[in-house]
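Q: Just my_file_0.csv, nothing more (CSV, C-alpha atoms):
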chain,number,residue,atom,x,y,z
W,265,ILE,CA,0.0,0.0,0.0
W,266,ASN,CA,1.4,3.4,-1.0
W,267,SER,CA,-0.3,6.5,0.3
W,268,ASP,CA,0.6,10.2,0.7
W,269,ASN,CA,1.6,9.5,4.3
W,270,PHE,CA,3.1,6.0,4.4
W,271,THR,CA,4.1,2.8,2.6
W,272,LEU,CA,3.1,-0.6,3.9
W,273,ASN,CA,4.2,-4.2,3.0
W,274,ALA,CA,2.7,-7.3,4.6
W,275,GLU,CA,1.4,-10.7,3.9
W,276,LYS,CA,-2.1,-9.8,4.9
W,277,VAL,CA,-3.8,-6.3,5.1
W,278,LYS,CA,-7.2,-5.1,6.2
W,279,ALA,CA,-7.9,-1.5,5.4
W,280,TYR,CA,-10.8,0.6,6.7
W,281,PHE,CA,-11.9,3.7,4.9
W,282,ASP,CA,-13.9,6.8,5.7
W,283,LYS,CA,-15.3,8.6,2.7
W,284,ASP,CA,-13.5,6.9,-0.2
W,285,LEU,CA,-10.6,4.6,-1.0
W,286,TYR,CA,-8.2,7.5,-0.6
W,287,ASP,CA,-9.3,8.2,2.9
W,288,ILE,CA,-7.8,5.4,5.0
W,289,ILE,CA,-8.6,5.6,8.7
W,290,ASN,CA,-7.3,2.3,10.1
W,291,ILE,CA,-5.1,-0.5,8.9
W,292,PHE,CA,-4.5,-4.0,10.4
W,293,SER,CA,-1.6,-6.0,8.9
W,294,GLN,CA,-0.1,-9.4,9.6
W,295,GLY,CA,3.0,-11.3,8.5
W,296,SER,CA,6.5,-9.7,7.9
W,297,VAL,CA,5.0,-6.2,8.3
W,298,ILE,CA,7.1,-3.2,7.2
W,299,LEU,CA,5.5,0.2,7.7
W,300,GLU,CA,7.4,3.4,6.8
W,301,SER,CA,5.8,6.9,7.2
W,302,LYS,CA,6.8,10.1,5.4
W,303,ASN,CA,7.9,11.7,8.7
W,304,GLY,CA,10.7,9.1,9.2
W,305,THR,CA,9.0,6.5,11.4
W,306,LYS,CA,9.8,2.9,10.6
W,307,VAL,CA,7.8,-0.1,12.0
W,308,LEU,CA,8.5,-3.8,11.8
W,309,GLY,CA,6.4,-6.6,13.4
W,310,ASN,CA,4.4,-9.7,12.9
W,311,GLU,CA,1.2,-7.9,13.6
W,312,VAL,CA,0.7,-4.1,13.2
W,313,GLU,CA,-2.4,-2.0,13.7
W,314,TYR,CA,-2.1,1.7,12.6
W,315,ASN,CA,-4.9,4.1,13.3
W,316,VAL,CA,-4.2,7.0,10.9
W,317,LYS,CA,-6.5,9.6,12.4
W,318,LYS,CA,-5.6,8.9,16.0
W,319,GLU,CA,-1.9,8.4,15.1
W,320,GLU,CA,-1.8,5.2,17.1
W,321,ILE,CA,0.5,2.3,16.3
W,322,LYS,CA,0.2,-1.2,18.0
W,323,ILE,CA,2.9,-3.8,17.2
W,324,LYS,CA,2.9,-7.4,18.3
W,325,GLY,CA,5.2,-10.4,18.0
W,326,LYS,CA,8.9,-11.2,18.3
W,327,LYS,CA,11.4,-8.6,17.1
W,328,SER,CA,8.7,-5.9,17.2
W,329,PHE,CA,10.5,-2.6,16.2
W,330,LEU,CA,9.7,1.1,16.0
W,331,GLN,CA,12.2,3.8,15.1
W,332,ASN,CA,11.8,7.5,14.4
W,333,ASN,CA,14.2,10.5,14.4
W,334,GLU,CA,14.4,10.7,18.2
W,335,PHE,CA,14.2,7.2,19.6
W,336,THR,CA,14.2,3.4,18.9
W,337,MET,CA,11.8,0.9,20.5
W,338,ALA,CA,12.2,-2.9,20.4
W,339,SER,CA,10.4,-5.8,22.1
W,340,ASP,CA,9.7,-9.5,21.7
W,341,GLU,CA,6.0,-9.0,22.6
W,342,SER,CA,4.3,-5.6,22.1
W,343,ILE,CA,4.9,-1.9,21.5
W,344,TYR,CA,2.3,0.8,21.7
W,345,LEU,CA,2.8,4.5,20.6
W,346,ASN,CA,0.4,7.4,20.4
W,347,ASN,CA,2.0,10.2,18.4
W,348,LEU,CA,-0.8,12.7,19.4
W,349,THR,CA,-0.5,12.3,23.2
W,350,GLY,CA,3.1,11.1,23.3
W,351,GLU,CA,2.2,8.1,25.4
W,352,PHE,CA,4.0,4.8,24.8
W,353,GLU,CA,4.3,1.3,26.3
W,354,LEU,CA,6.6,-1.6,25.7
W,355,TYR,CA,6.0,-5.0,27.2
W,356,GLY,CA,7.6,-8.4,27.1
W,357,PRO,CA,11.1,-10.0,26.9
W,358,ASN,CA,13.9,-7.9,25.5
W,359,SER,CA,12.0,-4.6,25.6
W,360,LYS,CA,14.3,-1.7,25.0
W,361,LEU,CA,14.0,2.1,24.6
W,362,ILE,CA,17.1,3.8,23.1
W,363,THR,CA,17.6,7.6,22.6
W,364,ALA,CA,20.8,9.6,21.9
W,365,ASP,CA,21.4,10.0,25.6
W,366,ILE,CA,20.1,6.8,27.3
W,367,LYS,CA,19.4,3.1,26.8
W,368,ILE,CA,16.7,1.4,28.9
W,369,THR,CA,16.0,-2.3,29.2
W,370,GLY,CA,13.1,-3.8,31.2
W,371,GLU,CA,10.1,-6.1,30.9
W,372,SER,CA,7.6,-3.2,31.2
W,373,ILE,CA,8.5,0.3,29.9
W,374,LYS,CA,5.8,3.0,30.1
W,375,GLY,CA,6.2,6.7,29.4
W,376,LYS,CA,5.4,9.8,27.6
W,377,TYR,CA,7.4,12.1,25.3
W,378,SER,CA,6.8,15.8,24.6
W,379,ASP,CA,8.0,18.3,22.1
W,380,PHE,CA,10.8,20.6,23.5
W,381,ASP,CA,11.7,23.3,20.9
W,382,GLY,CA,10.6,21.0,18.1
W,383,ILE,CA,12.5,18.0,19.4
W,384,LYS,CA,10.8,14.9,20.9
W,385,GLU,CA,12.2,14.1,24.3
W,386,VAL,CA,11.1,11.6,26.9
W,387,GLU,CA,9.3,13.4,29.7
W,388,LYS,CA,8.3,10.6,32.0
W,389,LEU,CA,9.2,6.9,32.4
W,390,ASP,CA,8.2,3.9,34.6
W,391,VAL,CA,10.2,0.8,34.1
W,392,GLU,CA,9.8,-2.6,35.8
W,393,ASP,CA,11.3,-6.1,35.5
W,394,LYS,CA,10.9,-9.1,37.7
W,395,LYS,CA,14.7,-9.7,37.4
W,396,GLU,CA,16.5,-6.5,36.5
W,397,VAL,CA,16.0,-3.1,34.9
W,398,ASN,CA,19.1,-1.6,33.2
W,399,ILE,CA,19.6,2.0,32.5
W,400,ILE,CA,22.8,3.1,30.6
W,401,THR,CA,23.7,6.8,30.3
W,402,GLU,CA,26.9,8.4,29.0
W,403,THR,CA,28.4,8.3,32.5
W,404,SER,CA,26.5,5.6,34.5
W,405,ASN,CA,25.3,2.0,34.3
W,406,MET,CA,22.4,1.5,36.6
W,407,PHE,CA,20.5,-1.6,37.7
W,408,ALA,CA,17.3,-2.1,39.8
W,409,LYS,CA,13.9,-3.9,39.8
W,410,LYS,CA,12.0,-0.6,39.2
W,411,ALA,CA,12.9,2.8,37.9
W,412,LYS,CA,11.2,6.2,37.4
W,413,TYR,CA,12.4,9.2,35.4
W,414,ASN,CA,11.0,12.7,35.4
W,415,LYS,CA,12.5,15.3,33.0
W,416,GLN,CA,10.9,18.3,34.6
W,417,GLU,CA,12.4,17.4,38.0
W,418,ASN,CA,15.7,16.1,36.4
W,419,LEU,CA,15.3,13.0,38.5
W,420,ILE,CA,15.9,9.3,38.2
W,421,GLU,CA,14.7,7.0,41.0
W,422,LEU,CA,15.8,3.4,41.4
W,423,PHE,CA,14.0,0.8,43.6
W,424,GLU,CA,15.2,-2.6,45.0
W,425,ASN,CA,18.6,-4.3,44.4
W,426,VAL,CA,20.0,-1.0,43.3
W,427,ILE,CA,23.5,-1.0,41.7
W,428,ILE,CA,25.1,2.2,40.2
W,429,ASN,CA,28.4,1.9,38.4
W,430,ARG,CA,30.2,4.9,37.1
W,431,GLU,CA,33.8,5.9,36.5
W,432,ASN,CA,35.7,4.7,39.5
W,433,GLU,CA,32.8,4.0,41.9
W,434,SER,CA,30.2,1.3,42.5
W,435,ILE,CA,27.2,2.0,44.8
W,436,THR,CA,24.6,-0.5,46.1
W,437,GLY,CA,21.5,-0.1,48.1
W,438,ASP,CA,17.7,-0.4,48.2
W,439,TYR,CA,16.7,3.0,46.9
W,440,ALA,CA,18.6,5.7,44.9
W,441,LYS,CA,17.7,9.2,43.7
W,442,ILE,CA,19.9,10.7,41.0
W,443,ASN,CA,19.9,14.3,39.8
W,444,THR,CA,20.5,14.2,36.0
W,445,LEU,CA,21.9,17.7,35.9
W,446,ASP,CA,24.8,17.6,38.3
W,447,GLU,CA,24.8,13.8,38.7
W,448,SER,CA,24.6,14.0,42.5
W,449,TYR,CA,22.8,11.1,44.2
W,450,PHE,CA,21.2,10.0,47.4
W,451,VAL,CA,21.2,6.3,48.3
W,452,LYS,CA,19.5,4.5,51.3
W,453,THR,CA,18.9,1.0,52.4
W,454,ASN,CA,16.9,-1.1,54.8
W,455,ASP,CA,17.6,-0.9,58.5
W,456,SER,CA,19.2,-4.4,58.4
W,457,LYS,CA,21.7,-3.5,55.7
W,458,ARG,CA,24.2,-0.8,54.8
W,459,VAL,CA,24.8,1.3,51.7
W,460,LYS,CA,27.9,0.1,50.1
W,461,VAL,CA,30.3,2.2,48.0
W,462,ILE,CA,33.4,0.8,46.3
W,463,LEU,CA,36.0,3.3,45.0
W,464,GLU,CA,38.8,2.2,42.7
W,465,LYS,CA,42.1,4.0,42.5
W,466,LYS,CA,43.0,5.8,39.3
W,467,ASP,CA,46.6,6.0,38.0
W,468,GLU,CA,47.3,9.8,37.8
Now, as a test, write the supplied structure out as structure tokens.
A:
Amino acid sequence: INSDNFTLNAEKVKAYFDKDLYDIINIFSQGSVILESKNGTKVLGNEVEYNVKKEEIKIKGKKSFLQNNEFTMASDESIYLNNLTGEFELYGPNSKLITADIKITGESIKGKYSDFDGIKEVEKLDVEDKKEVNIITETSNMFAKKAKYNKQENLIELFENVIINRENESITGDYAKINTLDESYFVKTNDSKRVKVILEKKDE
């Protein structure tokens, strides 16, 4: 299918129209789906539903993939994105969200992006995993079972089995709060444990 806004290739396609055959409002496709929009969004999946009017994309199946000019999403189960509200959700094994500044891995990744000076940036994030969430930035490699991010507050919060590795230090605890502007942090732990910080010497 070739339209003014996108091209679509798949083994099976159901298209729903409004006024005529040139007015597509919803598309459901299955089997080796490749969807590319004129604004630079690329979608791959076993099953893809695209609501043109609501600008909603739902992707299901292994190696589900969505990429635009600002971020990349991948999952082995499902991806949801609403380009009007900025809301997105990834669920299932090998779920990842990658931007120019951060890489996030977790079983459940929910969030919202907004336009800041014409650039789409992640505004809020909630990430969970039964085993381990991983957040990689330019300076830190962080692990926990749950993580939250708030751009307006410039804050990352980590919950349970927290590990923060950066440069010459490694910090462990049960809860951590990190300021993304100055990279200062607060770490605490349960009463029965202690916060642990390991510093490695540098040759200078």
Q: My list of candidates is W:Lys367, W:Phe335, W:Lys388, W:Asp268. Which is closest to W:Glu351 when distances are computed with all atoms listed in the file?
A: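 Using all atoms listed in the file, W:Glu351 sits closest to W:Lys388.
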Q: Write out as a list in words which residues come within 10 Å of W:Ile265 when counting only C-alpha atoms, dropping same-chain ones fewer than 2 positions away.
A: Ser267, Phe270, Thr271, Leu272, Asn273, Ala274, Val277, Ala279 and Leu299 of chain W
Q: Any chance you could export the current selection's C-alpha atoms as a tab-separated table (two decimals), in the frame of the given file?
A:
chain	number	residue	atom	x	y	z
W	267	SER	CA	-0.30	6.50	0.30
W	270	PHE	CA	3.10	6.00	4.40
W	271	THR	CA	4.10	2.80	2.60
W	272	LEU	CA	3.10	-0.60	3.90
W	273	ASN	CA	4.20	-4.20	3.00
W	274	ALA	CA	2.70	-7.30	4.60
W	277	VAL	CA	-3.80	-6.30	5.10
W	279	ALA	CA	-7.90	-1.50	5.40
W	299	LEU	CA	5.50	0.20	7.70
Q: Counting only C-alpha atoms, which of W:Gly375, W:Gly370, W:Gly304, W:Gly382 gets nearest to W:Glu353?
A: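 Going through W:Gly375, W:Gly370, W:Gly304, W:Gly382 one by one, the smallest distance to W:Glu353 is for W:Gly375.
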Q: Mind giving me the straight-line distance from atom CA of W:Thr403 to atom CA of W:Lys306 in Å, one decimal?
A: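 Separation between atom CA of W:Thr403 and atom CA of W:Lys306: 29.2 Å.
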Q: Can you tell me, as a ChimeraX atom specification, what residues are no more than 12 Å from W:Leu330 when counting only C-alpha atoms, ignoring any on the same chain fewer than 6 positions away?
A: /W:297-301,304-309,312,321-324,336-339,342-345,352-354,359-362
Q: Which distance in Å separates atom CA of W:Glu320 and atom CA of W:Ile291, to one decimal?
A: 10.5 Å
Q: Distance atom CA of W:Glu387-atom CA of W:Leu419, one decimal place?
A: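 Pair atom CA of W:Glu387 / atom CA of W:Leu419 returns 10.7 Å.
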Q: Using all atoms listed in the file, can you tell me which of W:Tyr413, W:Tyr439, W:Phe423, W:Tyr449 comes closest to W:Val386?
A: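 Closest residue, counting all atoms listed in the file: W:Tyr413.
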Q: How would you write as a tab-separated table (two decimals) with C-alpha atoms, keeping the file's coordinate frame the residues that get within 7 Å of (17.6, 2.8, 38.0) in the file's frame, counting all atoms listed in the file?
A:
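Everything below was put into point-v5.tsv:
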chain	number	residue	atom	x	y	z
W	397	VAL	CA	16.00	-3.10	34.90
W	398	ASN	CA	19.10	-1.60	33.20
W	399	ILE	CA	19.60	2.00	32.50
W	406	MET	CA	22.40	1.50	36.60
W	407	PHE	CA	20.50	-1.60	37.70
W	408	ALA	CA	17.30	-2.10	39.80
W	410	LYS	CA	12.00	-0.60	39.20
W	411	ALA	CA	12.90	2.80	37.90
W	420	ILE	CA	15.90	9.30	38.20
W	421	GLU	CA	14.70	7.00	41.00
W	422	LEU	CA	15.80	3.40	41.40
W	423	PHE	CA	14.00	0.80	43.60
W	426	VAL	CA	20.00	-1.00	43.30
Q: Of the candidates W:Asn432, W:Asn346, W:Asn333, W:Asn405, which shows the shortest atom-to-atom distance to W:Glu385, using only C-alpha atoms?
A: W:Asn333
Q: Pull the neighbourhood of (18.4, -2.2, 50.3) for me: all residues within 6 Å in file coordinates, counting all atoms listed in the file, as a PyMOL selection string.
A: chain W and resi 437-438+453-454
Q: Please, could you write that set of residues out with C-alpha atoms as a PDB file, in the coordinates of the input?
A:
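Output saved as part-v3.pdb:
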ATOM      1  CA  GLY W 437      21.500  -0.100  48.100  1.00  0.00           C
ATOM      2  CA  ASP W 438      17.700  -0.400  48.200  1.00  0.00           C
ATOM      3  CA  THR W 453      18.900   1.000  52.400  1.00  0.00           C
ATOM      4  CA  ASN W 454      16.900  -1.100  54.800  1.00  0.00           C
TER       5      ASN W 454
END
Q: Given the choices W:Glu402, W:Glu319, W:Glu313, W:Asp282, which gets closest to W:Asn269 if the distance is worked out from only C-alpha atoms?
A: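 That would be W:Glu319, the residue with the smallest distance to W:Asn269.
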Q: Excluding W:Lys409 and any residue of its chain fewer than 2 positions from it, enumerate the residues within 7 Å of it, using only C-alpha atoms, and give them as a PyMOL selection string.
A: chain W and resi 392-397+423-425
Q: Quick one: write out the picked residues with C-alpha atoms as a JSON list (two decimals), in the coordinates of the input?
A:
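Wrote out_21.json, looks like this:
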[["chain", "number", "residue", "atom", "x", "y", "z"],
["W", 392, "GLU", "CA", 9.80, -2.60, 35.80],
["W", 393, "ASP", "CA", 11.30, -6.10, 35.50],
["W", 394, "LYS", "CA", 10.90, -9.10, 37.70],
["W", 395, "LYS", "CA", 14.70, -9.70, 37.40],
["W", 396, "GLU", "CA", 16.50, -6.50, 36.50],
["W", 397, "VAL", "CA", 16.00, -3.10, 34.90],
["W", 423, "PHE", "CA", 14.00, 0.80, 43.60],
["W", 424, "GLU", "CA", 15.20, -2.60, 45.00],
["W", 425, "ASN", "CA", 18.60, -4.30, 44.40]]
Q: Given the choices W:Glu311, W:Ile383, W:Lys317, W:Leu445, which gets closest to W:Phe281 if the distance is worked out from only C-alpha atoms?
A: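 Distance minimum relative to W:Phe281 lands on W:Lys317.
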Q: Please produce stretch 324-358 of chain W, completed to N, CA and C atoms, as an mmCIF file, in the frame of the given file.
A:
data_model
loop_
_atom_site.group_PDB
_atom_site.id
_atom_site.type_symbol
_atom_site.label_atom_id
_atom_site.label_comp_id
_atom_site.auth_asym_id
_atom_site.auth_seq_id
_atom_site.Cartn_x
_atom_site.Cartn_y
_atom_site.Cartn_z
ATOM 1 N N LYS W 324 2.836 -6.179 17.563
ATOM 2 C CA LYS W 324 2.900 -7.400 18.300
ATOM 3 C C LYS W 324 3.804 -8.422 17.686
ATOM 4 N N GLY W 325 4.398 -9.293 18.526
ATOM 5 C CA GLY W 325 5.200 -10.400 18.000
ATOM 6 C C GLY W 325 6.697 -10.206 18.320
ATOM 7 N N LYS W 326 7.466 -11.277 18.085
ATOM 8 C CA LYS W 326 8.900 -11.200 18.300
ATOM 9 C C LYS W 326 9.554 -10.233 17.332
ATOM 10 N N LYS W 327 10.599 -9.608 17.830
ATOM 11 C CA LYS W 327 11.400 -8.600 17.100
ATOM 12 C C LYS W 327 10.483 -7.451 16.612
ATOM 13 N N SER W 328 9.510 -7.080 17.468
ATOM 14 C CA SER W 328 8.700 -5.900 17.200
ATOM 15 C C SER W 328 9.687 -4.670 17.278
ATOM 16 N N PHE W 329 9.494 -3.695 16.383
ATOM 17 C CA PHE W 329 10.500 -2.600 16.200
ATOM 18 C C PHE W 329 9.796 -1.345 15.785
ATOM 19 N N LEU W 330 10.195 -0.224 16.392
ATOM 20 C CA LEU W 330 9.700 1.100 16.000
ATOM 21 C C LEU W 330 10.860 2.080 16.100
ATOM 22 N N GLN W 331 11.079 2.854 15.055
ATOM 23 C CA GLN W 331 12.200 3.800 15.100
ATOM 24 C C GLN W 331 11.702 5.126 14.410
ATOM 25 N N ASN W 332 12.005 6.258 15.060
ATOM 26 C CA ASN W 332 11.800 7.500 14.400
ATOM 27 C C ASN W 332 13.055 8.380 14.551
ATOM 28 N N ASN W 333 12.964 9.659 14.352
ATOM 29 C CA ASN W 333 14.200 10.500 14.400
ATOM 30 C C ASN W 333 14.758 10.689 15.739
ATOM 31 N N GLU W 334 13.969 10.410 16.795
ATOM 32 C CA GLU W 334 14.400 10.700 18.200
ATOM 33 C C GLU W 334 14.732 9.438 18.978
ATOM 34 N N PHE W 335 14.014 8.328 18.750
ATOM 35 C CA PHE W 335 14.200 7.200 19.600
ATOM 36 C C PHE W 335 13.939 5.859 18.836
ATOM 37 N N THR W 336 14.428 4.756 19.440
ATOM 38 C CA THR W 336 14.200 3.400 18.900
ATOM 39 C C THR W 336 13.546 2.574 19.992
ATOM 40 N N MET W 337 12.513 1.811 19.623
ATOM 41 C CA MET W 337 11.800 0.900 20.500
ATOM 42 C C MET W 337 11.903 -0.511 19.981
ATOM 43 N N ALA W 338 12.117 -1.488 20.861
ATOM 44 C CA ALA W 338 12.200 -2.900 20.400
ATOM 45 C C ALA W 338 11.585 -3.757 21.539
ATOM 46 N N SER W 339 10.930 -4.867 21.146
ATOM 47 C CA SER W 339 10.400 -5.800 22.100
ATOM 48 C C SER W 339 10.069 -7.126 21.435
ATOM 49 N N ASP W 340 10.042 -8.194 22.228
ATOM 50 C CA ASP W 340 9.700 -9.500 21.700
ATOM 51 C C ASP W 340 8.199 -9.829 22.010
ATOM 52 N N GLU W 341 7.412 -8.813 22.408
ATOM 53 C CA GLU W 341 6.000 -9.000 22.600
ATOM 54 C C GLU W 341 5.106 -7.932 22.084
ATOM 55 N N SER W 342 5.227 -6.695 22.600
ATOM 56 C CA SER W 342 4.300 -5.600 22.100
ATOM 57 C C SER W 342 4.916 -4.248 22.309
ATOM 58 N N ILE W 343 4.531 -3.349 21.386
ATOM 59 C CA ILE W 343 4.900 -1.900 21.500
ATOM 60 C C ILE W 343 3.622 -1.124 21.130
ATOM 61 N N TYR W 344 3.397 -0.066 21.917
ATOM 62 C CA TYR W 344 2.300 0.800 21.700
ATOM 63 C C TYR W 344 2.809 2.266 21.648
ATOM 64 N N LEU W 345 2.381 3.059 20.657
ATOM 65 C CA LEU W 345 2.800 4.500 20.600
ATOM 66 C C LEU W 345 1.627 5.303 20.084
ATOM 67 N N ASN W 346 1.357 6.406 20.794
ATOM 68 C CA ASN W 346 0.400 7.400 20.400
ATOM 69 C C ASN W 346 1.108 8.686 20.072
ATOM 70 N N ASN W 347 1.202 9.047 18.807
ATOM 71 C CA ASN W 347 2.000 10.200 18.400
ATOM 72 C C ASN W 347 1.240 11.539 18.749
ATOM 73 N N LEU W 348 -0.053 11.475 19.033
ATOM 74 C CA LEU W 348 -0.800 12.700 19.400
ATOM 75 C C LEU W 348 -0.562 13.035 20.868
ATOM 76 N N THR W 349 -0.653 12.042 21.748
ATOM 77 C CA THR W 349 -0.500 12.300 23.200
ATOM 78 C C THR W 349 0.952 12.113 23.651
ATOM 79 N N GLY W 350 1.761 11.392 22.858
ATOM 80 C CA GLY W 350 3.100 11.100 23.300
ATOM 81 C C GLY W 350 3.279 9.903 24.152
ATOM 82 N N GLU W 351 2.196 9.227 24.462
ATOM 83 C CA GLU W 351 2.200 8.100 25.400
ATOM 84 C C GLU W 351 2.749 6.838 24.627
ATOM 85 N N PHE W 352 3.544 6.031 25.345
ATOM 86 C CA PHE W 352 4.000 4.800 24.800
ATOM 87 C C PHE W 352 4.163 3.713 25.825
ATOM 88 N N GLU W 353 4.172 2.458 25.365
ATOM 89 C CA GLU W 353 4.300 1.300 26.300
ATOM 90 C C GLU W 353 4.945 0.147 25.559
ATOM 91 N N LEU W 354 5.967 -0.407 26.161
ATOM 92 C CA LEU W 354 6.600 -1.600 25.700
ATOM 93 C C LEU W 354 6.458 -2.687 26.714
ATOM 94 N N TYR W 355 6.122 -3.896 26.279
ATOM 95 C CA TYR W 355 6.000 -5.000 27.200
ATOM 96 C C TYR W 355 6.472 -6.288 26.657
ATOM 97 N N GLY W 356 7.151 -7.061 27.512
ATOM 98 C CA GLY W 356 7.600 -8.400 27.100
ATOM 99 C C GLY W 356 9.112 -8.516 27.157
ATOM 100 N N PRO W 357 9.615 -9.704 26.839
ATOM 101 C CA PRO W 357 11.100 -10.000 26.900
ATOM 102 C C PRO W 357 11.819 -9.038 25.908
ATOM 103 N N ASN W 358 13.031 -8.680 26.309
ATOM 104 C CA ASN W 358 13.900 -7.900 25.500
ATOM 105 C C ASN W 358 13.359 -6.535 25.050
#
